Structure formats: structure tokens, C-alpha cells
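Read through the structure below, which is laid out as C-alpha cells, and then see the notes.
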Amino acid sequence: MRARIAAAAVAQGMLGLLLAGTATGTAQAATTTYYVSPSGSDSNSGLSPDQAWKSTGKVNGFTFPQGGVVAFQGGQTFTGCLLFDGDNVPASSASTPFKVTSYGTGQATLTSNCTGDYSAAVTADNVSGFQLDNMKLVNGGTTAAGVLLQNQKSPTAAKGLKVTGSDISGFATPSGSGSTFGGQIMVLGYAVNGNSGPLDDVQILNNRLHGATVTSNAGPGVYGWGSGINITNVRVEGNTVYNLGMAAQSTGAALTANGWNGAVIQHNVVHDIGANVTSCGGASGIMTYTSNDVTIRRNEVYKVQPVPAYTAGCDWDGIDLDGGTTNSVVEYNYTHNNAGSGLLAYTSTVGSRVWGPNTYRYNISENDDWANAQGGLFDVVPNAPKNALSIYGNTFFTNKDQSTNKRAGASACFMFGYTSGTWASGSQIKDNICHMANKGTYGKTGQLYYNPYGQTGMTLSNNLYYGTNTGGWRWSGTTYSDFAAWQAAGLESGAVWGDPLFTSPGVGGTCSWSPASGTGPQPCPQAYTLKSGSPALGAGTAVSGNGGIDYYGTTIPGKPNIGADAG
């Protein structure tokens with residue numbers, strides 16, 4: 001807006017209002033929209049639909065004022081790749097953002113035609129306040145990324161970056177590339193030119209990130225890396241992420257926090273991930289790596305799995321706090337029907353970043369590790385955590401027949417490590433339900449704990465176990481074949497044996513909910529609420545700093561129930 005004083009109002013004794021700044025101040029922040037249409041012309045002004053530009057080349061070559069908007073005609077298709085940086089968007093800021101969007105009816109489609117290891121359909125390079133909203137981006141062939149957010153020039157953070165309400169599909173690391181760059185959205189705190197340019201206030205909201213089919217090579221959904229943990233204040237929420245088959249030798253996830261410090265990943269649905277993967281260190285649903293203070297909550301993750309069958313590889317886990325992750329929480333999530341573990345704590349140190357302390361609480365896992373690809377519904381690998389690990393109030397159930405799996409045996413409820421060692425002080429495994437009804441190669445259901453190297457140091461308390469013909473508890477060189485033997489061993493206090501009386505065990509299924517609604521997947525699945533008479537009712541032990549509510553949003557009493565239905 002321009003500054004103006006209403007002379008008539010002043011004459012009438014009214015207070016004049018300064019609506020905007022001076023020519024050197026906020027006057028430049030006025031929103032100016034530039035329209036682009038297939039029926040337009042690049043010789044037009046672009047300042048109205050009737051004067052629309054025609055091409056992406058015109059957009060890339062124009063210098064936009066502060067607060068500018070580029071609007072592509074909805075329902076129409078454009079070809080090209082867009083690059084926004086300090087040259088063509090020199091004055092944008094988080095308070096006066098620069099926006100790329102659609103106008104009219106429906107989403108505009110941008111089909112990419114750029115190539116190269118670090119190519120992207122839309123790049124925002126050191127543009128604070130960059131927003132991409134209500135667009136459809138499609139890989140036209142060999143473009144690596146859908147959206148690239150980075151900072152190649154400045155040591156000062158690019159702030160206020162948003163990708164919202166868009167459909168982004170088909171992007172992947174080009175075949176034969178030596179890089180790992182590629183995916184629907186790339187977030188880089190270590191830019192492709194090697195500059196450690198930080199990013200702050202990154203929001204990825206209400207998008208669809210996907211491939212064309214379950215076995216498409218597209219993927220990951222959100223990926224990238226930082227320089228240390230220089231990507232700060234990130235929110236990934238309301239997204240639907242699916243059909244990311246990825247390449248055979250992949251180590252990514254549908255959603256990856258890498259180098260993030262302070263993040264919330266919530267209300268996302270993730271499914272059909274990693275179909276083509278045959279490597280170890282393979283695909284995950286949601287993963288953190290060298291990140292701090294990440295909260296992963298209220299997501300549904302399912303069918304992270306090889307297709308059509310398991311032949312080789314590992315992982316395919318639902319949610320993974322991976323190497324170098326610190327001060328993070330996984331809570332109120334529903335994982336099911338993943339080929340690997342529902343929840344994974346990969347406790348390795350990365351550089352100087354020692355994993356933990358981290359917490360997993362009030363999650364529900366149904367029929368995870370169906371391929372026995374990880375060995376447990378909850379895995380703690382590769383070694384004993386050096387900072388505290390808390391696992392409490394979770395519900396684990398499986399009734400998968402694993403007798404014909406490629407890997408012999410059956411999944412355990414908890415699987416610990418590849419070495420011996422002592423867990424850090426403060427580590428606890430409390431108030432969890434392990435209902436094991438799976439059937440393995442040798443007729444036994446999975447073991448409740450599989451701790452073959454005898455890791456010690458964690459406090460075990462008030463967990464409930466149930467299953468017919470179970471494999472018992474393996475602890476160091478001893479297998480405790482029944483509950484009485486486990487109790488007599490004195491390794492756990494307050495343990496409970498018995499049918500937890502779930503409402504409908506095994507039929508939690510897939511939830512019907514809209515991630516963009518900002519709620520859910522709760523109250524689904526109702527299958528794991530406890531019926532009257534359950535031995536889990538009131539049989540838990542109090543855990544300090546427990547978050548206050550259970551999976552279903554019920555306040556947790558001083559004497560909680562065991563499992564995710566703790567209230």
C-alpha cells in the first residue's frame with residue numbers, strides 16, 4: 001500500500017491513518033500478482049489474467065518486487081523448471097513473503113524438463129518468505145527433485161519457507177547418478193555448492209507426496225541434510241505420502257528429518273513405501289538422523305514393505321529415531337502391517353552426536369515385522385543406548401503367520417542389539433503390552449524379549465505379556481520358557497500375564513481420516529481399547545513426565561492402565 005492522508009478526514013477533525021510506509025520502507029511490500037497462462041504472451045505486463053505471461057522462462061527472467069506473487073492458471077499445464085534466488089527475488093522476507101500459486105479453478109500443473117543430479121522443478125535458494133501453495137508438480141522425466149529449499153550464499157538463515165496444499169509426484173535420484181539427491185521435497189542446510197547456509201521456520205503442510213504406483217522408483221517424500229543441526233523450527237503436518245517405491249539400494253524414508261533442530265512431524269499418513277528396496281539400511285516410514293528435539297506424533301504408518309515379496313534387505317520400519325538423534329519423542333502413533341519393526345531405536349553415535357535421551361510412548365503397533373525383516377516389533381539396535389531410552393505405555397499385537405517367511409523363526413516383541421552392554425542410567429521399559437499370537441517356523445510364537453547378548457541397565461516394570469505357545473523370554477544365555485520362570489528370575493517387577501481383553505485384537509485395520517483436518521488418526525483404531533475385566537486395568541506404574549494423556553487423549557491417572565489405553 002502507499003501512504004496517504006485523507007485530507008477530508010483531517011478537515012473534519014478525524015485522526016489521519018498512516019496505512020503504509022515510505023517509498024524506502026513498507027511501500028515496497030505491496031502484494032503484486034503476476035499471472036501466467038498458456039493463452040498469455042511474454043510481452044504482456046503479467047499484471048492481470050487478461051495480460052498474463054505465457055512461459056516459465058519469463059518468470060525466471062523477471063525481477064520481482066517485495067511481496068510478489070506468481071499465479072499460474074489453474075487446470076492448465078506448464079512445462080519448465082522454476083528458479084527463485086537473490087537475483088530475481090532480491091527483497092523477500094518472512095513478513096512479506098514471495099508466493100507461487102494457482103489462480104482460477106483447480107491446480108496448475110508444472111511438468112519439469114530440467115535434468116542433472118541436483119535439478120529441481122522448483123528451487124528456492126536463499127529466499128526468505130518463499131511459499132509454494134496449491135500447485136501440482138510432475139517429474140517430466142529426469143528431474144531429481146520436486147522442490148528444493150536451500151541457501152547457497154548466506155551464513156544467515158533463510159526464514160519462513162512453506163510448501164503447502166500441493167501435489168508433488170514422481171521425483172527420484174536420476175538413474176546412474178552418484179548423488180543421493182532426489183525426492184519430492186529436498187530441504188538442505190548444506191547447499192549443493194557446499195555452503196552451510198541455514199534454514200529456519202520450514203513448514204511442509206497438507207501436501208500429497210507420491211509416485212504413480214506402489215513400485216514406482218519415486219522417493220523419498222521429504223529428504224535432505226543439514227550441516228550439523230542448522231535446519232531449525234520445522235513443521236511437517238497434514239501430508240499424505242504414498243507409492244514411493246524407491247531404488248533398490250536406498251537408505252531413505254518417506255519423511256526424513258536430517259540435521260533438524262526443533263521439529264514437529266504430526267498428523268501425516270504414510271503408506272506403501274520401499275517396494276523396490278533390497279538393501280540393508282533400507283526404507284523407513286518416518287526417520288530422524290543427526291537431529292535434536294523432534295516430536296513425531298499422531299501419524300499412521302503402514303505397508304512400508306517390499307513388493308511383491310521379501311527377497312533381501314532389511315528395515316522397512318514404521319518410525320525410526322536413527323543415529324545421532326537426541327532429546328526426541330515418538331508418541332500417539334499407529335503403525336501396522338510393516339515388513340519391519342513398527343518402532344526402531346537405532347542407537348548409534350554419529351560423529352560427536354551420541355544418541356538419546358529419547359522416548360517412545362503410547363503408540364500402537366499391529367502386525368508389524370510381518371516379514372521378520374528386523375526381528376522385533378520394537379528393535380533397539382545396534383548396541384545398548386549410551387543416553388537414556390524410555391519405552392512406556394505402548395501396545396504391541398501381532399497374529400501374523402510367519403511360518404513360511406524367508407527368515408526362520410518369529411518376530412519378538414522387543415529385540416535388543418547385536419552386542420552386550422549396559423543401557424544408560426534412567427532407561428526404562430514400563431507399562432507396555434506384548435500380545436504375541438504370531439506363529440513362527442518352529443511352531444512357537446515370538447519371544448517377549450530377545451536379548452541374546454544380555455544387555456543390562458534398563459528398569460523393567462509392569463509390562464503385560466500374553467500369547468499361546470510363546471517362545472518365552474531370552475536373556476543372555478538363558479531362555480525363560482514360561483511366566484513363572486520369568487518372575488522367578490527377578491529381572492522385572494510388577495509384570496502381568498494374561499489376555500489383555502482388547503476390544504477387537506487384529507482388526508485395527510487402516511484408519512479413515514483426513515491428515516489435512518489437523519486431527520487423527522485417533523480415535524482409530526478402537527480395536528485396542530481395553531474391555532472390562534482386563535488384567536491391564538490399573539496395573540501400570542506411574543512414569544514421571546508422561547505427557548499427561550494416553551493414545552486416545554484420556555488423562556492418565558496416578559495408577560495407569562498398562563498399554564496405550566492408559567487412562
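To be explicit about the labels: the chains of the C-alpha cells are called A, B, and onward in the order shown, and within each one the residues are counted from 1, while ligands get numbers from 1 in the order they are shown.
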Tell me which protein, DNA and RNA residues are within 12 Å of region 421-424 of chain A, counting only C-alpha atoms, leaving out same-chain ones fewer than 2 positions away, and put them as a PyMOL selection string. chain A and resi 347+354-358+380-390+416-419+426-429+451-460+476
Hey, what's within 10 Å of Val304 (chain A) if we count only C-alpha atoms and toss same-chain stuff fewer than 3 positions away? As a count of residues only, please? 31
Which residues are close to Asn561 (chain A), i.e. within 6 Å by only C-alpha atoms, leaving aside same-chain residues fewer than 3 positions away? Reply as a list of chain:residue names.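 Once the adjacent positions are removed, what remains is A:Ala536, A:Leu537, A:Gly538, A:Ala539, A:Gly540, A:Ala566.
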Need the shell around Gly226 (chain A): protein/DNA/RNA residues with any atom at most 7 Å away, counting only C-alpha atoms. Skip same-chain ones fewer than 4 positions apart. Format as a list in words?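 Once the nearby chain positions are removed, what remains is Leu188, Gly189, Tyr190, Asn230, Ile231, Asn258, Gly259 and Trp260 of chain A.
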Within 9 Å of Gly106 (chain A) using only C-alpha atoms, minus same-chain residues under 3 positions, as a PyMOL selection string: chain A and resi 73-76+102-103+134-135
Going by DSSP on the backbone, which bits of region 182-368 of chain A are strand (DSSP E or B)? Write them as number ranges by chain, please. A: 183-188, 199-205, 208-210, 222-225, 231-237, 240-244, 253-258, 260-266, 269-273, 284-289, 292-297, 300-304, 317-321, 326, 328-331, 334-336, 343-346, 350, 353, 358-361, 364-366
To one decimal place, how far is CA of Phe396 (chain A) from CA of Glu300 (chain A) in Å?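 Separating CA of Phe396 (chain A) from CA of Glu300 (chain A) is a distance of 14.8 Å.
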Residue neighbourhood Gln131 (chain A), 8 Å, only C-alpha atoms, exclusion window fewer than 3 positions, as a PDB file with all heavy atoms, in the first residue's frame:
```pdb
ATOM      1  N   PRO A  97       6.144 -12.272   2.310  1.00  0.00           N
ATOM      2  CA  PRO A  97       6.598 -13.441   1.545  1.00  0.00           C
ATOM      3  C   PRO A  97       6.408 -13.308   0.046  1.00  0.00           C
ATOM      4  O   PRO A  97       5.574 -12.541  -0.446  1.00  0.00           O
ATOM      5  CB  PRO A  97       5.739 -14.564   2.115  1.00  0.00           C
ATOM      6  CG  PRO A  97       4.520 -13.886   2.643  1.00  0.00           C
ATOM      7  CD  PRO A  97       4.985 -12.570   3.160  1.00  0.00           C
ATOM      8  N   PHE A  98       7.196 -14.110  -0.658  1.00  0.00           N
ATOM      9  CA  PHE A  98       7.060 -14.283  -2.106  1.00  0.00           C
ATOM     10  C   PHE A  98       6.353 -15.621  -2.339  1.00  0.00           C
ATOM     11  O   PHE A  98       6.748 -16.635  -1.780  1.00  0.00           O
ATOM     12  CB  PHE A  98       8.436 -14.285  -2.774  1.00  0.00           C
ATOM     13  CG  PHE A  98       8.397 -14.655  -4.225  1.00  0.00           C
ATOM     14  CD1 PHE A  98       7.985 -13.719  -5.170  1.00  0.00           C
ATOM     15  CD2 PHE A  98       8.743 -15.919  -4.650  1.00  0.00           C
ATOM     16  CE1 PHE A  98       7.938 -14.048  -6.519  1.00  0.00           C
ATOM     17  CE2 PHE A  98       8.699 -16.262  -5.992  1.00  0.00           C
ATOM     18  CZ  PHE A  98       8.294 -15.315  -6.934  1.00  0.00           C
ATOM     19  N   LYS A  99       5.334 -15.619  -3.197  1.00  0.00           N
ATOM     20  CA  LYS A  99       4.453 -16.785  -3.294  1.00  0.00           C
ATOM     21  C   LYS A  99       4.293 -17.249  -4.733  1.00  0.00           C
ATOM     22  O   LYS A  99       4.149 -16.434  -5.648  1.00  0.00           O
ATOM     23  CB  LYS A  99       3.082 -16.439  -2.704  1.00  0.00           C
ATOM     24  CG  LYS A  99       2.126 -17.605  -2.571  1.00  0.00           C
ATOM     25  CD  LYS A  99       0.881 -17.158  -1.822  1.00  0.00           C
ATOM     26  CE  LYS A  99      -0.082 -18.307  -1.559  1.00  0.00           C
ATOM     27  NZ  LYS A  99      -1.275 -17.844  -0.788  1.00  0.00           N
ATOM     28  N   VAL A 100       4.286 -18.582  -4.909  1.00  0.00           N
ATOM     29  CA  VAL A 100       3.974 -19.225  -6.181  1.00  0.00           C
ATOM     30  C   VAL A 100       2.724 -20.059  -5.959  1.00  0.00           C
ATOM     31  O   VAL A 100       2.683 -20.904  -5.057  1.00  0.00           O
ATOM     32  CB  VAL A 100       5.136 -20.115  -6.660  1.00  0.00           C
ATOM     33  CG1 VAL A 100       4.789 -20.770  -7.990  1.00  0.00           C
ATOM     34  CG2 VAL A 100       6.417 -19.310  -6.774  1.00  0.00           C
ATOM     35  N   LEU A 161       9.916 -20.567   5.180  1.00  0.00           N
ATOM     36  CA  LEU A 161       9.761 -21.316   3.935  1.00  0.00           C
ATOM     37  C   LEU A 161       8.580 -22.270   4.060  1.00  0.00           C
ATOM     38  O   LEU A 161       8.509 -23.049   5.023  1.00  0.00           O
ATOM     39  CB  LEU A 161      11.037 -22.092   3.632  1.00  0.00           C
ATOM     40  CG  LEU A 161      12.340 -21.282   3.732  1.00  0.00           C
ATOM     41  CD1 LEU A 161      13.543 -22.180   3.497  1.00  0.00           C
ATOM     42  CD2 LEU A 161      12.337 -20.114   2.770  1.00  0.00           C
ATOM     43  N   LYS A 162       7.664 -22.229   3.089  1.00  0.00           N
ATOM     44  CA  LYS A 162       6.459 -23.045   3.182  1.00  0.00           C
ATOM     45  C   LYS A 162       6.175 -23.753   1.858  1.00  0.00           C
ATOM     46  O   LYS A 162       6.242 -23.135   0.794  1.00  0.00           O
ATOM     47  CB  LYS A 162       5.250 -22.180   3.542  1.00  0.00           C
ATOM     48  CG  LYS A 162       5.294 -21.534   4.909  1.00  0.00           C
ATOM     49  CD  LYS A 162       4.003 -20.757   5.184  1.00  0.00           C
ATOM     50  CE  LYS A 162       4.023 -20.116   6.561  1.00  0.00           C
ATOM     51  NZ  LYS A 162       2.767 -19.376   6.836  1.00  0.00           N
ATOM     52  N   VAL A 163       5.817 -25.037   1.973  1.00  0.00           N
ATOM     53  CA  VAL A 163       5.258 -25.792   0.851  1.00  0.00           C
ATOM     54  C   VAL A 163       3.939 -26.349   1.346  1.00  0.00           C
ATOM     55  O   VAL A 163       3.907 -27.184   2.256  1.00  0.00           O
ATOM     56  CB  VAL A 163       6.199 -26.927   0.395  1.00  0.00           C
ATOM     57  CG1 VAL A 163       5.585 -27.672  -0.784  1.00  0.00           C
ATOM     58  CG2 VAL A 163       7.573 -26.372   0.023  1.00  0.00           C
ATOM     59  N   THR A 164       2.840 -25.880   0.762  1.00  0.00           N
ATOM     60  CA  THR A 164       1.518 -26.196   1.308  1.00  0.00           C
ATOM     61  C   THR A 164       0.526 -26.544   0.200  1.00  0.00           C
ATOM     62  O   THR A 164       0.589 -26.001  -0.903  1.00  0.00           O
ATOM     63  CB  THR A 164       0.958 -25.001   2.101  1.00  0.00           C
ATOM     64  OG1 THR A 164       0.865 -23.852   1.243  1.00  0.00           O
ATOM     65  CG2 THR A 164       1.849 -24.644   3.277  1.00  0.00           C
TER      66      THR A 164
END
```
What is the distance, in Å and to one decimal place, between CA of Val543 (chain A) and CA of Tyr360 (chain A)? 12.5 Å
Just checking: using only C-alpha atoms, which residue out of A:Gln305, A:Ser291, A:Thr142, A:Ser119 ends up closest to Ser328 (chain A)?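 Closest residue, counting only C-alpha atoms: A:Ser291.
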Interatomic distance (Å, one decimal) between CA of Ala218 (chain A) and CA of Ala247 (chain A):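 We find that CA of Ala218 (chain A) and CA of Ala247 (chain A) lie 7.9 Å from each other.
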Between A:Asn261, A:Ser250, A:Val202, A:Thr311, which one has atoms that come closest to Ser227 (chain A), using only C-alpha atoms?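 Comparing A:Asn261, A:Ser250, A:Val202, A:Thr311 against Ser227 (chain A), the winner is A:Asn261.
The nearest approach to Asn276 (chain A) among the residues A:Tyr334, A:Thr215, A:Gly194, A:Thr240, with only C-alpha atoms taken into account, belongs to A:Thr215.
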Please report, as CSV, each residue of region 406-484 of chain A lying at most 12 Å from region 511-535 of chain A, together with the nearest pair of atoms and the separation in Å rounded to one decimal; use only C-alpha atoms, and order rows by chain and ascending residue number.
```
residue,atom,partner,partner_atom,distance
A:Ile433,CA,A:Tyr528,CA,10.4
A:Cys434,CA,A:Tyr528,CA,12.0
A:His435,CA,A:Tyr528,CA,10.9
A:Asn462,CA,A:Pro535,CA,11.3
A:Asn463,CA,A:Pro535,CA,11.0
A:Leu464,CA,A:Pro535,CA,8.3
A:Tyr465,CA,A:Pro535,CA,10.3
A:Tyr466,CA,A:Pro535,CA,10.7
```
